[in-house]
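Have a look at my_file_23.cif; it's mmCIF, C-alpha atoms:
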data_upload
#
loop_
_atom_site.label_atom_id
_atom_site.label_comp_id
_atom_site.auth_asym_id
_atom_site.auth_seq_id
_atom_site.Cartn_x
_atom_site.Cartn_y
_atom_site.Cartn_z
CA MET A 1 -75.61 29.99 -61.78
CA ARG A 2 -76.08 32.92 -59.42
CA TYR A 3 -73.60 35.80 -59.77
CA ILE A 4 -71.62 36.66 -56.62
CA ASN A 5 -70.41 40.25 -56.17
CA LEU A 6 -67.05 39.80 -54.44
CA HIS A 7 -66.52 43.51 -54.05
CA ASN A 8 -69.72 43.94 -51.97
CA ILE A 9 -68.78 40.96 -49.82
CA TYR A 10 -65.33 42.47 -49.25
CA ILE A 11 -66.78 45.81 -48.18
CA ARG A 12 -69.32 44.22 -45.81
CA CYS A 13 -66.74 42.00 -44.18
CA SER A 14 -64.38 44.97 -43.73
CA ILE A 15 -67.10 47.06 -42.11
CA LEU A 16 -68.02 44.19 -39.78
CA ALA A 17 -64.40 43.67 -38.75
CA LEU A 18 -63.93 47.39 -38.20
CA THR A 19 -67.07 47.52 -36.02
CA LEU A 20 -65.86 44.60 -33.90
CA LEU A 21 -62.47 46.23 -33.42
CA ILE A 22 -64.02 49.55 -32.40
CA THR A 23 -66.23 47.72 -29.90
CA GLN A 24 -63.21 45.86 -28.55
CA ALA A 25 -61.35 49.16 -28.14
CA SER A 26 -63.79 50.30 -25.48
CA PHE A 27 -62.69 47.43 -23.21
CA CYS A 28 -58.95 48.00 -23.49
CA GLN A 29 -58.48 51.56 -22.27
CA VAL A 30 -56.17 51.54 -19.27
CA MET A 31 -53.84 54.54 -19.19
CA ASP A 32 -50.61 54.70 -17.23
CA THR A 33 -50.52 57.21 -14.36
CA GLY A 34 -47.04 56.47 -13.02
CA HIS A 35 -44.65 59.22 -12.01
CA LYS A 36 -41.32 58.29 -13.57
CA ILE A 37 -39.26 59.07 -16.65
CA ASP A 38 -38.70 56.25 -19.14
CA THR A 39 -36.18 56.22 -21.95
CA LEU A 40 -37.58 54.79 -25.19
CA SER A 41 -35.70 52.58 -27.61
CA ALA A 42 -35.81 53.04 -31.37
CA ALA A 43 -38.49 50.34 -31.64
CA ASP A 44 -40.55 52.03 -28.93
CA ARG A 45 -40.47 55.28 -30.88
CA LEU A 46 -41.50 53.62 -34.16
CA ALA A 47 -45.05 53.02 -35.41
CA PHE A 48 -46.73 51.80 -38.61
CA ARG A 49 -50.22 52.80 -39.60
CA THR A 50 -52.79 52.31 -42.32
CA ASN A 51 -56.17 53.82 -43.16
CA ALA A 52 -59.06 51.35 -43.37
CA VAL A 53 -61.26 53.86 -45.21
CA GLU A 54 -58.87 53.88 -48.18
CA TRP A 55 -58.67 50.09 -48.17
CA LEU A 56 -62.47 50.03 -48.45
CA ILE A 57 -62.24 52.07 -51.68
CA LEU A 58 -59.39 49.80 -52.88
CA VAL A 59 -56.54 52.27 -52.35
CA PRO A 60 -53.58 50.53 -50.66
CA ASN A 61 -51.80 52.75 -48.16
CA ILE A 62 -49.21 52.59 -45.41
CA GLY A 63 -47.54 55.07 -43.09
CA ILE A 64 -44.55 55.20 -40.80
CA GLU A 65 -44.10 57.44 -37.76
CA TYR A 66 -41.15 58.16 -35.50
CA ASP A 67 -41.11 60.07 -32.21
CA LEU A 68 -38.73 63.02 -32.13
CA GLY A 69 -37.88 62.64 -28.43
CA ARG A 70 -36.56 59.61 -26.55
CA TYR A 71 -38.47 60.12 -23.29
CA ASN A 72 -42.02 59.18 -22.44
CA TYR A 73 -42.97 62.85 -22.05
CA ASN A 74 -42.06 63.59 -25.67
CA ARG A 75 -45.15 64.71 -27.59
CA TYR A 76 -43.84 65.36 -31.11
CA SER A 77 -43.44 62.96 -34.03
CA ILE A 78 -42.73 63.01 -37.76
CA GLY A 79 -44.37 60.69 -40.23
CA LEU A 80 -44.58 59.69 -43.88
CA ASN A 81 -47.74 58.29 -45.53
CA LEU A 82 -47.90 56.62 -48.94
CA ARG A 83 -50.93 55.56 -50.94
CA TYR A 84 -50.90 54.08 -54.41
CA ASN A 85 -53.54 52.85 -56.81
CA TRP A 86 -52.29 53.42 -60.33
CA GLN A 87 -52.83 51.98 -63.76
CA THR A 88 -54.78 48.91 -62.75
CA SER A 89 -55.03 46.43 -65.62
CA HIS A 90 -58.20 46.30 -67.76
CA THR A 91 -59.16 44.48 -70.95
CA PHE A 92 -60.78 47.69 -72.21
CA LYS A 93 -60.69 51.40 -71.48
CA PRO A 94 -63.04 51.88 -68.50
CA GLY A 95 -65.54 54.73 -68.32
CA ALA A 96 -64.84 55.33 -64.61
CA ILE A 97 -61.25 55.85 -63.38
CA PHE A 98 -59.79 56.37 -59.93
CA ASN A 99 -56.00 56.34 -59.98
CA VAL A 100 -54.10 58.10 -57.22
CA ALA A 101 -50.51 58.15 -55.96
CA GLU A 102 -49.50 60.35 -53.04
CA ALA A 103 -46.66 60.94 -50.60
CA ARG A 104 -47.46 62.99 -47.50
CA LEU A 105 -45.13 64.29 -44.80
CA GLU A 106 -46.63 64.98 -41.36
CA LEU A 107 -45.64 66.67 -38.11
CA ARG A 108 -47.81 65.79 -35.12
CA ASP A 109 -48.23 67.10 -31.59
CA TYR A 110 -49.81 64.58 -29.24
CA TYR A 111 -51.54 65.60 -26.01
CA ARG A 112 -53.94 64.45 -23.33
CA ILE A 113 -56.75 66.44 -21.76
CA ARG A 114 -55.70 68.22 -18.57
CA GLU A 115 -58.17 69.22 -15.89
CA PHE A 116 -58.01 72.62 -14.20
CA THR A 117 -55.93 72.76 -11.02
CA ASN A 118 -54.07 75.40 -9.05
CA TYR A 119 -51.31 75.52 -11.65
CA ILE A 120 -53.43 74.69 -14.72
CA THR A 121 -55.70 77.62 -15.43
CA PRO A 122 -58.06 78.27 -18.36
CA LYS A 123 -56.72 79.97 -21.44
CA LYS A 124 -58.00 83.35 -22.50
CA GLY A 125 -59.48 84.07 -25.90
CA PHE A 126 -61.76 81.99 -28.09
CA LEU A 127 -59.03 80.53 -30.32
CA ASN A 128 -56.76 79.68 -27.36
CA LYS A 129 -59.64 77.98 -25.56
CA LEU A 130 -60.52 76.03 -28.69
CA LEU A 131 -56.98 74.74 -29.26
CA SER A 132 -56.01 74.30 -25.62
CA PRO A 133 -56.01 70.80 -24.03
CA ARG A 134 -57.12 72.33 -20.72
CA ARG A 135 -60.70 71.49 -19.73
CA GLU A 136 -62.81 71.60 -16.62
CA THR A 137 -63.28 67.81 -16.74
CA ALA A 138 -61.56 65.10 -18.80
CA LYS A 139 -64.54 63.29 -20.32
CA HIS A 140 -62.35 60.75 -22.14
CA PRO A 141 -59.25 60.28 -19.98
CA ASN A 142 -58.06 57.22 -21.96
CA THR A 143 -57.95 59.04 -25.28
CA THR A 144 -54.80 60.55 -26.77
CA TYR A 145 -55.34 63.44 -29.17
CA TYR A 146 -53.10 64.92 -31.81
CA ARG A 147 -52.90 68.00 -34.00
CA GLY A 148 -50.39 68.92 -36.65
CA ALA A 149 -49.54 70.03 -40.15
CA PHE A 150 -48.84 68.19 -43.39
CA ALA A 151 -47.51 68.69 -46.91
CA ALA A 152 -48.29 66.27 -49.74
CA TYR A 153 -47.54 65.67 -53.41
CA ASN A 154 -50.38 64.00 -55.32
CA LYS A 155 -50.62 62.48 -58.77
CA PHE A 156 -54.12 61.63 -59.91
CA THR A 157 -56.33 60.46 -62.75
CA VAL A 158 -59.98 60.62 -61.82
CA LYS A 159 -63.06 60.21 -64.00
CA LEU A 160 -66.33 59.57 -62.23
CA GLY A 161 -68.62 61.46 -64.61
CA SER A 162 -68.58 62.63 -68.19
CA GLU A 163 -65.28 64.53 -67.79
CA GLY A 164 -62.03 63.28 -66.28
CA HIS A 165 -59.03 65.01 -64.72
CA GLN A 166 -55.40 63.95 -64.88
CA GLY A 167 -52.54 65.89 -63.33
CA ASN A 168 -50.51 66.77 -60.25
CA ALA A 169 -51.26 68.65 -57.04
CA ILE A 170 -49.30 70.09 -54.12
CA ILE A 171 -51.32 70.12 -50.90
CA GLY A 172 -50.68 71.70 -47.52
CA GLY A 173 -52.84 72.00 -44.43
CA PHE A 174 -53.63 70.92 -40.89
CA MET A 175 -54.87 67.76 -39.21
CA TRP A 176 -56.61 66.74 -36.03
CA GLY A 177 -57.42 63.33 -34.61
CA MET A 178 -57.48 60.94 -31.68
CA MET A 179 -56.16 57.51 -30.75
CA LYS A 180 -57.49 54.81 -28.46
CA PRO A 181 -55.51 51.79 -27.24
CA LEU A 182 -56.95 48.68 -28.90
CA TYR A 183 -54.90 45.62 -28.01
CA VAL A 184 -51.57 44.66 -26.47
CA PHE A 185 -49.96 41.46 -27.77
CA ARG A 186 -48.22 38.88 -25.59
CA ARG A 187 -44.73 40.13 -26.52
CA GLY A 188 -45.58 43.74 -25.74
CA HIS A 189 -46.43 44.93 -29.24
CA SER A 190 -49.59 47.00 -29.35
CA LEU A 191 -52.35 47.97 -31.74
CA ASP A 192 -54.23 51.30 -31.59
CA LEU A 193 -57.35 52.65 -33.23
CA GLU A 194 -57.10 56.06 -34.92
CA PHE A 195 -59.68 58.60 -36.05
CA GLY A 196 -58.66 61.76 -37.85
CA VAL A 197 -59.23 64.33 -40.55
CA ALA A 198 -56.82 66.42 -42.64
CA VAL A 199 -57.91 69.54 -44.51
CA GLY A 200 -55.91 72.00 -46.53
CA VAL A 201 -55.41 73.88 -49.78
CA ALA A 202 -54.32 72.26 -53.05
CA TYR A 203 -52.51 73.81 -55.99
CA ALA A 204 -53.50 71.57 -58.90
CA LYS A 205 -52.44 71.52 -62.54
CA TYR A 206 -54.29 68.99 -64.67
CA ASP A 207 -55.68 68.05 -68.09
CA THR A 208 -59.33 67.35 -68.81
CA PHE A 209 -60.47 64.46 -71.01
CA THR A 210 -63.48 62.41 -71.97
CA HIS A 211 -64.04 58.76 -72.84
CA ASP A 212 -64.69 57.68 -76.42
CA ALA A 213 -66.19 54.22 -75.96
CA PHE A 214 -66.49 53.58 -79.71
CA LEU A 215 -62.79 54.20 -80.47
CA ASP A 216 -61.76 53.02 -76.98
CA TYR A 217 -59.51 55.95 -76.01
CA TYR A 218 -59.50 59.19 -73.96
CA PRO A 219 -59.40 62.40 -76.05
CA LYS A 220 -57.94 65.43 -74.27
CA THR A 221 -60.27 68.43 -74.08
CA GLY A 222 -58.19 71.05 -72.26
CA ASN A 223 -55.98 71.90 -69.29
CA LYS A 224 -56.43 73.95 -66.12
CA THR A 225 -54.54 75.34 -63.14
CA THR A 226 -56.44 76.02 -59.94
CA ILE A 227 -56.22 76.52 -56.17
CA LEU A 228 -58.98 74.96 -54.11
CA PRO A 229 -59.73 73.71 -50.56
CA VAL A 230 -59.60 69.95 -50.13
CA ILE A 231 -60.21 67.23 -47.55
CA ASN A 232 -57.02 65.27 -47.97
CA ASP A 233 -57.70 62.48 -45.50
CA LEU A 234 -60.62 60.94 -43.62
CA ARG A 235 -59.03 58.42 -41.33
CA VAL A 236 -60.35 55.40 -39.47
CA GLY A 237 -57.20 53.38 -39.22
CA PHE A 238 -54.93 51.17 -37.20
CA VAL A 239 -51.52 51.87 -35.70
CA TYR A 240 -49.10 49.05 -34.97
CA ARG A 241 -46.27 49.69 -32.50
CA PRO A 242 -43.45 47.09 -32.73
CA GLY A 243 -41.85 48.17 -29.46
CA LYS A 244 -42.84 47.20 -25.96
CA TYR A 245 -44.05 50.63 -24.97
CA PRO A 246 -47.77 51.15 -25.79
CA ILE A 247 -49.51 54.46 -26.28
CA THR A 248 -50.99 54.22 -22.79
CA LYS A 249 -47.52 55.10 -21.45
CA LYS A 250 -46.42 57.57 -24.12
CA TYR A 251 -47.05 61.23 -24.83
CA ARG A 252 -47.33 62.15 -21.14
CA TRP A 253 -47.13 65.66 -19.76
CA ARG A 254 -43.67 66.21 -18.35
CA TYR A 255 -45.14 67.67 -15.18
CA ASP A 256 -46.82 64.31 -14.45
CA VAL A 257 -43.71 62.12 -14.83
CA ASP A 258 -40.68 64.27 -13.98
CA MET A 259 -40.71 65.07 -10.27
CA ASN A 260 -37.71 67.39 -10.50
CA TYR A 261 -39.39 69.32 -13.29
CA GLN A 262 -42.62 69.38 -11.28
CA SER A 263 -40.84 70.76 -8.22
CA GLU A 264 -38.99 73.37 -10.30
CA PHE A 265 -42.19 74.32 -12.09
CA ASP A 266 -44.10 74.64 -8.82
CA ASN A 267 -41.34 76.77 -7.29
CA LYS A 268 -41.30 79.08 -10.30
CA LEU A 269 -45.06 79.29 -10.26
CA LEU A 270 -45.07 79.97 -6.50
CA ALA A 271 -42.39 82.67 -6.88
CA LYS A 272 -44.33 84.22 -9.73
CA ARG A 273 -47.54 84.20 -7.72
CA ARG A 274 -45.78 85.70 -4.72
CA GLN A 275 -44.37 88.40 -6.95
CA ILE A 276 -47.82 89.05 -8.38
CA ASP A 277 -49.38 89.11 -4.90
CA SER A 278 -46.62 91.38 -3.58
CA LYS A 279 -47.03 93.71 -6.50
CA ALA A 280 -50.79 93.69 -6.04
CA PHE A 281 -50.35 94.41 -2.30
CA ASN A 282 -47.89 97.23 -2.95
CA ASP A 283 -50.11 98.60 -5.65
CA SER A 284 -53.07 98.46 -3.30
CA ILE A 285 -51.13 100.40 -0.61
CA ASP A 286 -49.87 102.89 -3.19
CA ASN A 287 -53.36 103.30 -4.54
CA TYR A 288 -54.77 103.79 -1.04
CA VAL A 289 -52.14 106.39 -0.12
CA ARG A 290 -52.52 108.07 -3.49
CA LYS A 291 -56.27 108.10 -3.05
CA LEU A 292 -56.03 109.71 0.41
CA PHE A 293 -53.49 112.24 -0.85
CA TRP A 294 -55.56 113.24 -3.84
CA GLU A 295 -58.71 113.43 -1.75
CA LYS A 296 -57.02 115.84 0.68
CA TYR A 297 -55.29 117.70 -2.13
CA ASP A 298 -58.48 118.00 -4.12
CA SER A 299 -60.40 119.20 -1.07
CA ILE A 300 -57.77 121.87 -0.28
CA THR A 301 -57.50 122.83 -3.93
CA ASN A 302 -61.24 123.06 -4.22
CA LYS A 303 -61.41 125.27 -1.11
CA HIS A 304 -58.75 127.62 -2.51
CA ARG A 305 -60.45 127.59 -5.87
CA ILE A 306 -63.81 128.39 -4.30
CA ALA A 307 -62.26 131.23 -2.26
CA GLU A 308 -60.51 132.63 -5.33
CA ASP A 309 -63.67 132.35 -7.35
CA SER A 310 -65.70 134.09 -4.64
CA LEU A 311 -63.13 136.93 -4.37
CA ARG A 312 -63.05 137.16 -8.12
CA LEU A 313 -66.82 137.36 -8.20
CA ILE A 314 -66.81 139.98 -5.44
CA GLY A 315 -64.20 142.02 -7.34
CA GLN A 316 -66.21 141.66 -10.50
CA ASP A 317 -69.34 142.77 -8.61
CA GLU A 318 -67.57 145.87 -7.20
CA LYS A 319 -66.27 146.79 -10.62
CA SER A 320 -69.67 146.33 -12.15
CA LEU A 321 -71.28 148.45 -9.40
CA LYS A 322 -68.76 151.25 -9.91
CA ARG A 323 -69.25 151.08 -13.65
CA LEU A 324 -73.01 151.15 -13.19
CA GLU A 325 -72.81 154.17 -10.81
CA LYS A 326 -70.58 156.01 -13.27
CA GLU A 327 -72.95 155.29 -16.11
CA ASN A 328 -75.88 156.42 -13.96
CA ARG A 329 -74.09 159.69 -13.10
CA LYS A 330 -73.32 160.32 -16.74
CA ALA A 331 -76.88 159.60 -17.68
CA LYS A 332 -78.17 161.93 -14.93
CA ILE A 333 -75.82 164.75 -15.97
CA GLN A 334 -76.87 164.32 -19.58
CA ALA A 335 -80.50 164.33 -18.60
CA ASP A 336 -80.02 167.48 -16.50
CA LYS A 337 -78.30 169.21 -19.41
CA GLU A 338 -81.08 168.29 -21.79
CA ALA A 339 -83.68 169.40 -19.23
CA ALA A 340 -81.90 172.78 -18.77
CA LYS A 341 -81.69 173.27 -22.53
CA GLU A 342 -85.34 172.43 -22.86
CA GLU A 343 -86.29 174.92 -20.09
CA GLU A 344 -84.17 177.58 -21.77
CA ARG A 345 -85.88 176.93 -25.07
CA GLN A 346 -89.27 177.09 -23.43
CA ALA A 347 -88.40 180.37 -21.62
CA ARG A 348 -87.12 181.89 -24.87
CA ARG A 349 -90.29 180.85 -26.60
CA ARG A 350 -92.39 182.37 -23.84
CA LEU A 351 -90.44 185.66 -24.01
CA ILE A 352 -90.78 185.78 -27.77
CA ARG A 353 -94.53 185.13 -27.51
CA GLU A 354 -94.96 187.81 -24.80
CA ALA A 355 -92.89 190.36 -26.74
CA ALA A 356 -94.92 189.66 -29.83
CA ARG A 357 -98.13 189.95 -27.86
CA GLU A 358 -97.01 193.32 -26.33
CA ALA A 359 -95.91 194.60 -29.71
CA ARG A 360 -99.24 193.61 -31.23
CA LYS A 361 -101.10 195.34 -28.38
CA GLU A 362 -99.01 198.58 -28.76
CA ALA A 363 -99.54 198.60 -32.48
CA GLU A 364 -103.28 198.17 -32.10
CA LYS A 365 -103.39 200.90 -29.42
CA SER A 366 -101.39 203.40 -31.45
CA ASN A 367 -103.52 202.79 -34.49
CA SER A 368 -106.68 203.39 -32.57
CA GLU A 369 -105.37 206.67 -31.04
CA SER A 370 -104.15 208.05 -34.33
CA GLU A 371 -107.45 207.43 -35.95
CA ALA A 372 -109.27 209.25 -33.17
CA GLU A 373 -107.08 212.47 -32.98
CA GLU A 374 -106.23 213.38 -36.62
CA PRO A 375 -109.05 215.20 -38.78
CA GLU A 376 -109.32 214.82 -42.50
CA LYS A 377 -107.11 217.32 -44.38
CA PRO A 378 -108.29 219.07 -47.66
CA ALA A 379 -106.54 218.37 -50.85
CA ALA A 380 -103.60 220.67 -51.57
CA THR A 381 -103.94 223.32 -54.23
CA THR A 382 -101.73 223.65 -57.22
CA GLU A 383 -100.08 226.68 -55.81
CA GLU A 384 -99.20 225.03 -52.54
CA LYS A 385 -97.64 222.12 -54.35
CA GLU A 386 -95.52 224.54 -56.43
CA GLU A 387 -94.44 226.37 -53.27
CA LYS A 388 -93.39 223.12 -51.62
CA GLY A 389 -91.46 222.20 -54.73
CA GLY A 390 -89.71 225.54 -54.78
CA GLU A 391 -88.79 225.30 -51.14
CA SER A 392 -87.37 221.93 -51.69
#
Could you write out this file's structure as structure tokens?
Amino acid sequence: MRYINLHNIYIRCSILALTLLITQASFCQVMDTGHKIDTLSAADRLAFRTNAVEWLILVPNIGIEYDLGRYNYNRYSIGLNLRYNWQTSHTFKPGAIFNVAEARLELRDYYRIREFTNYITPKKGFLNKLLSPRRETAKHPNTTYYRGAFAAYNKFTVKLGSEGHQGNAIIGGFMWGMMKPLYVFRRGHSLDLEFGVAVGVAYAKYDTFTHDAFLDYYPKTGNKTTILPVINDLRVGFVYRPGKYPITKKYRWRYDVDMNYQSEFDNKLLAKRRQIDSKAFNDSIDNYVRKLFWEKYDSITNKHRIAEDSLRLIGQDEKSLKRLEKENRKAKIQADKEAAKEEERQARRRLIREAAREARKEAEKSNSESEAEEPEKPAATTEEKEEKGGES
């Protein structure tokens, strides 16, 4: 007898059904463009959802969502998601375990893409542009988008390899997704198709264990506490709305449905633009007048400055000329004094040389005359010497 794998058949049938529903969704996208305010009942504000991806991995889940506002231009909702797959029965201790139980609280902000107009202008800054619903063209006008935050408490026992983990985790983060209208039932109830992802940070405290197949139990090997980034939810799911107000009429921009608000908004925007234009006009006139004034003032100031600088330079030149003349006079007087001293020294030297020359000539002349006139005297006798000594 051939063995039939029911699990594989279940997964293939689920994928086929999901594909058919996604294909059907492309033929049911008609969005409401009316311009009126509708008041929603409690049933219109209520929705139930489930994630088909988790059903494919055999994790039952369900969620409930409630709109915070009672008008069709409300865009905020609060929701609670539950998923539970715990302690499934086995005849023996399995080597692979995937037990999870989680409760998650969500806050969502729904929006539709808005094209640029006179009153819808592009945001500034990379992050604002990335998060803004304003675009040049709405490529998918029948799609409703959402963004939001979540907080979850998770209890888990997971063993897909040699080591398992069992513990608790607190998770917080952000989500983003989109919804497409899928089908509207005869009584007005509707079914939507949802795609989304939720990422965040988990604070986990858990025990580690292994599997002892021989003794058929799970010995504990340790415990850990950690903080790590996680993908909390990958969503391809369905949303059922029990009321008679489908998503094609909900989550509208108030400007598109409330004419009074639109008129008030346009008036405020027009007044603001007039104020901006008036301020710009006044600023332009002020700038023009200020520019003319400063041009004239700068020209006059520059003329006065040039005149003052020229007079200052002339005064500086006169002072420098006088100082130079004075220095030249001093230098000339000093030079004349040194020249006079030098002439006096030269004249003194000449006189001294001439006097010396005359004295030398007189001495030579007197010597020559004395030698020529005086004869040689005989030597004195002894008697004469005695007479001279007696006389003395």
Separation of CA of Gly167 in chain A from CA of Thr210 in chain A in Å: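 Spanning CA of Thr210 in chain A to CA of Gly167 in chain A is a straight-line distance of 14.4 Å.
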Find the spatial neighbours of Met179 in chain A, counting all atoms listed in the file, within a cut-off of 10 Å - ignore same-chain residues fewer than 2 positions away - and output them as a count of residues only. 19
Just the number, please: distance in Å from CA of Glu54 in chain A to CA of Tyr84 in chain A, one decimal.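 Value for the CA of Glu54 in chain A-CA of Tyr84 in chain A distance: 10.1 Å.
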Could you check the closest approach to Leu46 in chain A for each of A:Lys250, A:His165, A:Tyr73, A:Ile285 and tell me which residue wins, using all atoms listed in the file? A:Lys250
On this file, the PyMOL selection byres ((chain A and resi 79) around 12) gives some set of residues; write that set as a PyMOL selection string. chain A and resi 45-49+62-68+76-78+80-82+103-109+148-152
Quick one: distance from CA of Gly188 in chain A to CA of Val53 in chain A in Å, one decimal?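 Taking CA of Gly188 in chain A and CA of Val53 in chain A, their separation equals 27.0 Å.
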Identify which of the residues A:Ala213, A:Leu160, A:Ala339, A:Val230 lies closest to Phe174 in chain A, counting only C-alpha atoms when measuring atom-to-atom distances.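 So, comparing all the options, the nearest one is A:Val230.
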When distances are computed from only C-alpha atoms, which of A:Asp233, A:Asp207, A:Ala169, A:Ala43 shows the smallest separation from His189 in chain A?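 That would be A:Ala43, the residue with the smallest distance to His189 in chain A.
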Using only C-alpha atoms, collect all residues at a distance of at most 7 Å from (-56.1, 56.6, -55.5) as written in the file, then present them as a compact mmCIF listing (two decimals) with C-alpha atoms, in the frame of the given file.
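Below you can see result.txt, which holds the result:
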# COMPACT_ATOMS: atom_id res chain seq x y z
CA VAL A 59 -56.54 52.27 -52.35
CA ARG A 83 -50.93 55.56 -50.94
CA TYR A 84 -50.90 54.08 -54.41
CA ASN A 85 -53.54 52.85 -56.81
CA TRP A 86 -52.29 53.42 -60.33
CA PHE A 98 -59.79 56.37 -59.93
CA ASN A 99 -56.00 56.34 -59.98
CA VAL A 100 -54.10 58.10 -57.22
CA ALA A 101 -50.51 58.15 -55.96
CA PHE A 156 -54.12 61.63 -59.91
